[in-house]
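Everything below belongs to input_7.tsv, which stores TSV, C-alpha atoms.
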```tsv
chain	number	residue	atom	x	y	z
A	1	MET	CA	8.02	-7.42	-36.66
A	2	THR	CA	7.20	-10.18	-34.20
A	3	VAL	CA	4.69	-9.94	-31.39
A	4	GLN	CA	7.55	-9.86	-28.85
A	5	MET	CA	9.16	-6.80	-30.45
A	6	LEU	CA	5.81	-5.02	-30.63
A	7	SER	CA	5.16	-5.83	-26.96
A	8	ILE	CA	8.48	-4.37	-25.89
A	9	ILE	CA	7.85	-1.20	-27.89
A	10	GLY	CA	4.34	-1.04	-26.45
A	11	ALA	CA	5.64	-1.39	-22.88
A	12	VAL	CA	8.24	1.34	-23.42
A	13	VAL	CA	5.68	3.70	-24.93
A	14	ALA	CA	3.17	2.95	-22.16
A	15	VAL	CA	5.58	3.84	-19.35
A	16	ALA	CA	7.30	6.73	-21.15
A	17	VAL	CA	4.17	8.54	-22.32
A	18	GLY	CA	1.99	7.48	-19.44
A	19	SER	CA	4.25	8.90	-16.75
A	20	ILE	CA	4.48	12.41	-18.26
A	21	SER	CA	1.16	13.76	-17.05
A	22	PRO	CA	1.22	12.15	-13.56
A	23	ALA	CA	4.71	13.63	-13.09
A	24	LEU	CA	3.52	17.11	-14.02
A	25	ALA	CA	0.40	16.75	-11.90
A	26	GLU	CA	2.35	15.53	-8.85
A	27	GLY	CA	4.73	18.45	-9.25
A	28	ARG	CA	1.87	20.91	-9.29
A	29	ALA	CA	0.23	19.28	-6.27
A	30	VAL	CA	3.44	19.37	-4.22
A	31	ALA	CA	4.13	22.98	-5.28
A	32	ALA	CA	0.65	24.07	-4.24
A	33	THR	CA	1.00	22.31	-0.88
A	34	MET	CA	4.40	23.94	-0.30
A	35	GLU	CA	2.87	27.32	-0.97
A	36	GLY	CA	0.02	26.54	1.39
A	37	ILE	CA	2.42	25.45	4.14
A	38	ALA	CA	4.55	28.58	3.61
A	39	ARG	CA	1.49	30.79	3.99
A	40	GLN	CA	0.01	28.86	6.90
A	41	PRO	CA	2.63	26.75	8.72
A	42	GLU	CA	0.16	25.68	11.42
A	43	ALA	CA	-1.89	23.80	8.78
A	44	ALA	CA	1.13	21.72	7.71
A	45	ASP	CA	-0.15	18.50	9.32
A	46	SER	CA	-3.51	18.36	7.62
A	47	LEU	CA	-2.09	19.72	4.35
A	48	SER	CA	0.57	17.03	4.11
A	49	ARG	CA	-1.92	14.28	4.98
A	50	THR	CA	-4.21	15.47	2.20
A	51	LEU	CA	-1.19	15.77	-0.10
A	52	PHE	CA	-0.26	12.13	0.44
A	53	VAL	CA	-3.76	10.91	-0.35
A	54	GLY	CA	-3.91	13.16	-3.43
A	55	LEU	CA	-0.49	12.05	-4.62
A	56	ALA	CA	-1.55	8.43	-4.28
A	57	MET	CA	-4.63	9.14	-6.39
A	58	ILE	CA	-2.57	10.92	-9.09
A	59	GLU	CA	0.01	8.16	-9.02
A	60	THR	CA	-2.70	5.61	-9.84
A	61	MET	CA	-2.53	6.64	-13.51
A	62	ALA	CA	1.21	5.96	-13.67
A	63	ILE	CA	0.68	2.65	-11.84
A	64	TYR	CA	-1.87	1.53	-14.41
A	65	CYS	CA	0.69	2.29	-17.13
A	66	LEU	CA	3.28	0.22	-15.25
A	67	LEU	CA	0.74	-2.60	-14.95
A	68	VAL	CA	0.05	-2.53	-18.70
A	69	ALA	CA	3.80	-2.60	-19.37
A	70	LEU	CA	4.26	-5.55	-16.99
A	71	ILE	CA	1.42	-7.48	-18.60
A	72	LEU	CA	2.89	-6.80	-22.05
A	73	LEU	CA	6.33	-7.96	-20.96
A	74	PHE	CA	5.61	-10.92	-18.67
A	75	ALA	CA	2.00	-12.06	-19.14
A	76	ASN	CA	1.38	-11.24	-22.79
A	77	PRO	CA	-1.66	-13.21	-23.98
A	78	PHE	CA	-0.61	-13.02	-27.65
A	79	ALA	CA	3.06	-13.97	-27.36
A	80	ARG	CA	2.72	-17.73	-26.90
B	1	MET	CA	16.33	-13.48	-9.47
B	2	ASN	CA	12.86	-14.40	-10.61
B	3	PRO	CA	12.41	-14.08	-14.38
B	4	SER	CA	8.94	-12.55	-14.07
B	5	PRO	CA	7.77	-10.26	-11.24
B	6	LEU	CA	4.22	-11.52	-11.73
B	7	GLN	CA	5.17	-15.06	-10.64
B	8	THR	CA	6.69	-16.27	-7.39
B	9	ALA	CA	9.07	-19.12	-6.74
B	10	ILE	CA	7.46	-22.23	-5.22
B	11	LEU	CA	9.59	-23.59	-2.40
B	12	PHE	CA	7.71	-26.77	-1.43
B	13	HIS	CA	4.24	-28.33	-1.29
B	14	ILE	CA	2.05	-29.16	1.71
B	15	GLY	CA	-0.35	-31.74	0.29
B	16	ILE	CA	-1.48	-30.11	-2.95
B	17	VAL	CA	-1.05	-26.54	-1.65
B	18	PRO	CA	2.09	-24.92	-3.11
B	19	ILE	CA	4.00	-22.84	-0.56
B	20	SER	CA	5.86	-19.95	-2.17
B	21	ARG	CA	8.82	-17.96	-0.88
B	22	THR	CA	6.47	-15.03	-0.20
B	23	VAL	CA	4.32	-17.09	2.14
B	24	VAL	CA	7.33	-18.35	4.08
B	25	THR	CA	8.67	-14.79	4.46
B	26	THR	CA	5.25	-13.58	5.61
B	27	TRP	CA	5.04	-16.39	8.19
B	28	GLY	CA	8.49	-15.45	9.43
B	29	LEU	CA	7.55	-11.79	9.76
B	30	MET	CA	4.31	-12.70	11.55
B	31	ALA	CA	6.23	-14.89	13.99
B	32	VAL	CA	8.86	-12.20	14.62
B	33	LEU	CA	6.23	-9.47	15.12
B	34	SER	CA	4.06	-11.63	17.38
B	35	VAL	CA	6.93	-12.75	19.58
B	36	ALA	CA	8.36	-9.21	19.73
B	37	SER	CA	4.98	-7.73	20.74
B	38	TRP	CA	4.48	-10.46	23.33
B	39	ILE	CA	7.92	-9.89	24.86
B	40	VAL	CA	7.56	-6.10	24.86
B	41	THR	CA	4.00	-5.96	26.22
B	42	ARG	CA	4.61	-8.69	28.82
B	43	SER	CA	6.04	-6.35	31.45
B	44	PHE	CA	4.19	-3.03	31.12
B	45	ARG	CA	4.53	-0.76	34.14
B	46	VAL	CA	3.23	2.71	35.03
B	47	ASP	CA	6.73	4.20	34.89
B	48	ALA	CA	7.60	3.34	31.30
B	49	GLY	CA	11.03	1.97	30.46
B	50	GLY	CA	12.76	2.35	27.09
B	51	TRP	CA	10.90	-0.30	25.08
B	52	GLN	CA	7.55	0.52	26.59
B	53	ALA	CA	8.00	4.22	25.83
B	54	MET	CA	8.82	3.38	22.21
B	55	VAL	CA	5.77	1.14	21.79
B	56	GLU	CA	3.53	3.72	23.44
B	57	THR	CA	4.86	6.46	21.15
B	58	VAL	CA	4.20	4.35	18.04
B	59	VAL	CA	0.70	3.31	19.10
B	60	ALA	CA	-0.27	6.79	20.27
B	61	GLY	CA	1.09	8.31	17.05
B	62	ILE	CA	-0.95	5.91	14.87
B	63	GLU	CA	-4.05	6.52	16.98
B	64	GLU	CA	-3.62	10.29	16.69
B	65	GLN	CA	-3.30	10.10	12.89
B	66	ILE	CA	-6.40	7.91	12.53
B	67	ALA	CA	-8.42	10.18	14.83
B	68	ALA	CA	-7.33	13.27	12.85
B	69	LEU	CA	-8.33	11.61	9.55
B	70	LEU	CA	-11.68	10.28	10.72
B	71	ASN	CA	-12.66	13.11	13.10
B	72	ARG	CA	-13.79	10.56	15.68
B	73	ASP	CA	-12.57	8.08	18.26
B	74	ALA	CA	-9.91	5.84	16.70
B	75	ALA	CA	-10.29	2.92	19.13
B	76	PRO	CA	-12.45	0.58	16.93
B	77	PHE	CA	-10.07	0.96	13.98
B	78	LEU	CA	-6.73	0.93	15.78
B	79	PRO	CA	-6.22	-2.88	15.86
B	80	LEU	CA	-6.68	-3.31	12.10
B	81	LEU	CA	-5.01	-0.14	10.82
B	82	GLY	CA	-2.17	-0.16	13.33
B	83	THR	CA	-1.34	-3.79	12.59
B	84	LEU	CA	-1.55	-3.05	8.86
B	85	PHE	CA	0.91	-0.17	9.15
B	86	ILE	CA	3.42	-1.97	11.37
B	87	PHE	CA	3.29	-5.11	9.21
B	88	LEU	CA	3.76	-3.05	6.03
B	89	VAL	CA	6.74	-1.17	7.44
B	90	VAL	CA	8.46	-4.40	8.43
B	91	ALA	CA	7.45	-6.17	5.21
B	92	ASN	CA	8.65	-3.34	2.95
B	93	LEU	CA	11.93	-2.94	4.79
B	94	CYS	CA	12.82	-6.63	5.18
B	95	GLY	CA	14.04	-6.62	1.57
B	96	ILE	CA	17.13	-4.83	2.92
B	97	VAL	CA	18.18	-7.97	4.78
B	98	PRO	CA	20.37	-10.11	2.49
B	99	GLY	CA	18.62	-13.25	1.29
B	100	VAL	CA	15.14	-12.01	2.15
B	101	THR	CA	12.75	-10.73	-0.51
B	102	ALA	CA	10.08	-8.27	0.60
B	103	PRO	CA	6.74	-10.14	0.53
B	104	THR	CA	5.05	-6.98	-0.77
B	105	ALA	CA	7.21	-7.20	-3.92
B	106	SER	CA	5.09	-10.06	-5.25
B	107	ILE	CA	1.48	-9.47	-6.20
B	108	GLU	CA	-0.19	-11.87	-3.74
B	109	THR	CA	0.55	-10.03	-0.49
B	110	PRO	CA	-0.66	-6.56	-1.61
B	111	ALA	CA	-3.71	-8.17	-3.22
B	112	ALA	CA	-4.57	-10.00	0.02
B	113	LEU	CA	-4.08	-6.84	2.11
B	114	ALA	CA	-6.23	-4.81	-0.30
B	115	ALA	CA	-8.92	-7.50	-0.08
B	116	ILE	CA	-8.82	-7.21	3.73
B	117	VAL	CA	-9.26	-3.43	3.41
B	118	PHE	CA	-12.09	-3.92	0.89
B	119	LEU	CA	-13.98	-6.26	3.24
B	120	SER	CA	-13.34	-4.18	6.35
B	121	VAL	CA	-14.83	-1.09	4.65
B	122	HIS	CA	-18.16	-2.91	4.40
B	123	PHE	CA	-17.77	-4.49	7.83
B	124	TYR	CA	-17.19	-1.19	9.63
B	125	GLY	CA	-19.74	0.60	7.43
B	126	VAL	CA	-22.51	-1.85	8.29
B	127	ARG	CA	-21.52	-2.05	11.95
B	128	ILE	CA	-21.40	1.69	12.56
B	129	GLN	CA	-24.07	3.01	10.18
B	130	GLY	CA	-26.44	0.02	9.98
B	131	VAL	CA	-27.26	-1.86	6.78
B	132	GLY	CA	-29.85	0.56	5.40
B	133	ALA	CA	-27.88	3.76	5.93
B	134	TYR	CA	-24.73	2.13	4.61
B	135	LEU	CA	-26.39	0.92	1.41
B	136	LYS	CA	-28.05	4.31	0.97
B	137	GLY	CA	-24.56	5.79	0.82
B	138	TYR	CA	-24.18	4.18	-2.61
B	139	LEU	CA	-27.10	6.24	-3.93
B	140	ARG	CA	-25.41	9.55	-3.10
B	141	PRO	CA	-25.23	12.16	-4.60
B	142	ASN	CA	-28.05	10.72	-6.71
B	143	PRO	CA	-29.13	7.20	-7.82
B	144	VAL	CA	-27.60	7.65	-11.29
B	145	MET	CA	-24.19	7.38	-9.62
B	146	LEU	CA	-24.85	3.84	-8.30
B	147	PRO	CA	-22.83	1.97	-11.00
B	148	PHE	CA	-19.97	4.44	-10.68
B	149	ASN	CA	-19.89	4.08	-6.89
B	150	ILE	CA	-19.73	0.29	-7.20
B	151	LEU	CA	-17.07	0.56	-9.91
B	152	SER	CA	-14.99	2.91	-7.80
B	153	GLU	CA	-15.13	0.44	-4.88
B	154	LEU	CA	-13.54	-2.20	-7.10
B	155	THR	CA	-11.01	-0.04	-8.95
B	156	ARG	CA	-9.71	1.67	-5.83
B	157	THR	CA	-9.12	-1.71	-4.17
B	158	PHE	CA	-7.30	-2.85	-7.29
B	159	SER	CA	-5.18	0.30	-7.50
B	160	LEU	CA	-4.42	0.07	-3.75
B	161	ALA	CA	-2.86	-3.35	-4.34
B	162	MET	CA	-1.14	-2.34	-7.57
B	163	ARG	CA	0.36	0.81	-6.03
B	164	LEU	CA	2.11	-1.07	-3.25
B	165	PHE	CA	3.17	-3.92	-5.52
B	166	GLY	CA	4.39	-1.63	-8.31
B	167	ASN	CA	6.46	0.60	-6.05
B	168	ILE	CA	8.16	-2.11	-4.00
B	169	MET	CA	8.69	-4.47	-6.95
B	170	SER	CA	10.10	-1.76	-9.23
B	171	GLU	CA	12.42	-0.64	-6.44
B	172	GLU	CA	13.79	-4.17	-5.96
B	173	MET	CA	14.07	-4.65	-9.70
B	174	ALA	CA	15.94	-1.34	-10.13
B	175	VAL	CA	18.44	-2.37	-7.44
B	176	ALA	CA	18.86	-5.79	-9.08
B	177	ILE	CA	19.51	-4.21	-12.50
B	178	ILE	CA	22.04	-1.76	-11.01
B	179	VAL	CA	23.81	-4.60	-9.19
B	180	ALA	CA	24.03	-6.48	-12.49
B	181	MET	CA	25.40	-3.43	-14.33
B	182	ALA	CA	27.62	-1.62	-11.82
B	183	GLY	CA	29.90	-2.72	-9.05
B	184	LEU	CA	29.87	-3.02	-5.31
B	185	LEU	CA	29.07	0.41	-3.82
B	186	VAL	CA	26.90	1.92	-6.58
B	187	PRO	CA	23.56	0.37	-5.49
B	188	ILE	CA	23.78	1.70	-1.92
B	189	PRO	CA	22.13	5.12	-2.62
B	190	PHE	CA	19.33	3.35	-4.47
B	191	MET	CA	18.83	0.96	-1.54
B	192	ALA	CA	18.71	3.96	0.80
B	193	PHE	CA	16.08	5.46	-1.48
B	194	GLY	CA	14.28	2.11	-1.27
B	195	ILE	CA	14.00	2.50	2.52
B	196	LEU	CA	12.29	5.86	1.99
B	197	VAL	CA	9.97	4.40	-0.67
B	198	GLY	CA	9.06	1.49	1.60
B	199	LEU	CA	8.19	3.74	4.54
B	200	VAL	CA	6.21	6.18	2.37
B	201	GLN	CA	4.28	3.35	0.69
B	202	ALA	CA	3.43	1.78	4.06
B	203	TYR	CA	2.16	5.20	5.21
B	204	ILE	CA	0.16	5.78	2.01
B	205	PHE	CA	-1.41	2.31	2.14
B	206	SER	CA	-2.50	2.83	5.75
B	207	VAL	CA	-3.76	6.37	5.12
B	208	LEU	CA	-5.77	5.22	2.10
B	209	ALA	CA	-7.19	2.29	4.07
B	210	THR	CA	-8.22	4.78	6.78
B	211	VAL	CA	-9.78	7.10	4.20
B	212	PHE	CA	-11.71	4.24	2.57
B	213	ILE	CA	-12.99	3.04	5.94
B	214	GLY	CA	-13.85	6.66	6.78
B	215	GLY	CA	-15.86	6.84	3.56
B	216	GLY	CA	-17.58	3.56	4.46
B	217	ILE	CA	-18.65	4.74	7.92
B	218	GLY	CA	-19.71	8.16	6.59
B	219	ALA	CA	-17.06	10.07	8.55
B	220	ILE	CA	-15.44	11.35	5.34
B	221	LYS	CA	-17.54	12.60	2.46
B	222	LYS	CA	-16.61	10.75	-0.74
```

Any chance you could give the structure as structure tokens?
Amino acid sequence: MTVQMLSIIGAVVAVAVGSISPALAEGRAVAATMEGIARQPEAADSLSRTLFVGLAMIETMAIYCLLVALILLFANPFAR
Amino acid sequence: MNPSPLQTAILFHIGIVPISRTVVTTWGLMAVLSVASWIVTRSFRVDAGGWQAMVETVVAGIEEQIAALLNRDAAPFLPLLGTLFIFLVVANLCGIVPGVTAPTASIETPAALAAIVFLSVHFYGVRIQGVGAYLKGYLRPNPVMLPFNILSELTRTFSLAMRLFGNIMSEEMAVAIIVAMAGLLVPIPFMAFGILVGLVQAYIFSVLATVFIGGGIGAIKK
């Protein structure tokens, strides 16, 4: 197997595996916020603001995986 | 299309400085935004007309959000954060226009904006808290956390840039791949989704910048 093939497999695995847990975590965060808004509609503004910041933090993990995949595909230090 | 999303096309050189497509688009957006703001704010009256009412709604809305996040007067932060938000909305959405690539879809623009946020955190922190109190903030909750606080300053700036870049770039790339695979009308729902992504990312970037500045001035506990 060449370095290029390994890089492509590595990028696929990075994105596929790395986005499982952020997806589950974002789902749980949104579900909890929905429940909170349903119980207390007057707190919807501050809840959704906090939700966005929290989602951005959770998403960071998935973004790092995307970054690793991009580096493997387009800026691979071993492939040249 | 560009072969690699990590590189940008160089259009021409001024002296030895290469000018990329991203820079030209950013200059164009800056010119459009400046001229539009100048034209709209030129004739403000007490009884607001249509344009003035729209501008006032936008500015008041941004100010209200910042004040709610920071629990204090938003006036010192409004010029930076409001400009950031309006620029990001226009920059993320200008990819819809045929022939224009969103400048936030290449890594330089988000990196530069994140660097501005990184520097302004320290600027506002020192200006509002004073040097001593600001630096003491790095020793909380106890001095053992000092390396982690410094590390988190760097990584959150990095992830701020990467979040914007990754979302906008992957959106453009997805549309390009769908255009290459399927026909004329198929990409339209994805482009509509791209409008939503662009607006949400502009909002998230501005909210995170506000939260970081709030942490720097001690208004938000880290």

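If you count all atoms listed in the file and draw a sphere of 10 Å around (17.4, -1.3, -5.5), the protein and nucleic acid residues inside it come out as B:Gly95, B:Ile96, B:Ile168, B:Met169, B:Ser170, B:Glu171, B:Glu172, B:Met173, B:Ala174, B:Val175, B:Ala176, B:Ile177, B:Ile178, B:Val179, B:Pro187, B:Ile188, B:Pro189, B:Phe190, B:Met191, B:Ala192, B:Phe193, B:Gly194, B:Ile195.
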
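From atom CA of B:Leu208 back to atom CA of A:Phe52, the distance works out to 9.0 Å.
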
*Enumerate as JSON, numbers by chain the residues belonging to chain B that approach chain A to within 12 Å, with all atoms listed in the file taken into account.*
{"B": [2, 3, 4, 5, 6, 7, 64, 65, 66, 67, 68, 69, 70, 71, 107, 155, 156, 157, 158, 159, 160, 161, 162, 163, 164, 165, 166, 167, 168, 169, 170, 200, 201, 202, 203, 204, 205, 206, 207, 208, 209, 210, 211, 212]}

*Tell me, in Å to one decimal, how far atom CA of B:Asn92 is from atom CA of B:Val197.*
8.6 Å

*What lies within 10 Å of stretch 16-21 of chain B using only C-alpha atoms, ignoring chain neighbours under 5 positions off, as a list in words?*
Gln7, Thr8, Ala9, Ile10, Leu11, Thr26, Trp27, Val100, Thr101, Ala102, Pro103 and Ser106 of chain B

_Please determine, counting all atoms listed in the file, which residue among B:Leu184, B:Val131, B:Leu113, B:Ala31 has the shortest atom-to-atom distance to B:Leu88._
B:Leu113

*Within 10 Å of A:Gln4, counting all atoms listed in the file, which residues qualify if same-chain residues fewer than 5 places away don't, as a PyMOL selection string?*
chain A and resi 9-10+72-73+76+78-80

For C-alpha atoms, I'd like the residues from the last selection saved as a CSV table (one decimal), in the coordinates of the input.
```
chain,number,residue,atom,x,y,z
A,9,ILE,CA,7.8,-1.2,-27.9
A,10,GLY,CA,4.3,-1.0,-26.4
A,72,LEU,CA,2.9,-6.8,-22.0
A,73,LEU,CA,6.3,-8.0,-21.0
A,76,ASN,CA,1.4,-11.2,-22.8
A,78,PHE,CA,-0.6,-13.0,-27.6
A,79,ALA,CA,3.1,-14.0,-27.4
A,80,ARG,CA,2.7,-17.7,-26.9
```

_Give me, as a ChimeraX atom specification, all polymer residues having an atom no more than 9 Å from A:Ile58, counting all atoms listed in the file and skipping those fewer than 6 positions away in the same chain._
/A:22-23,25-26
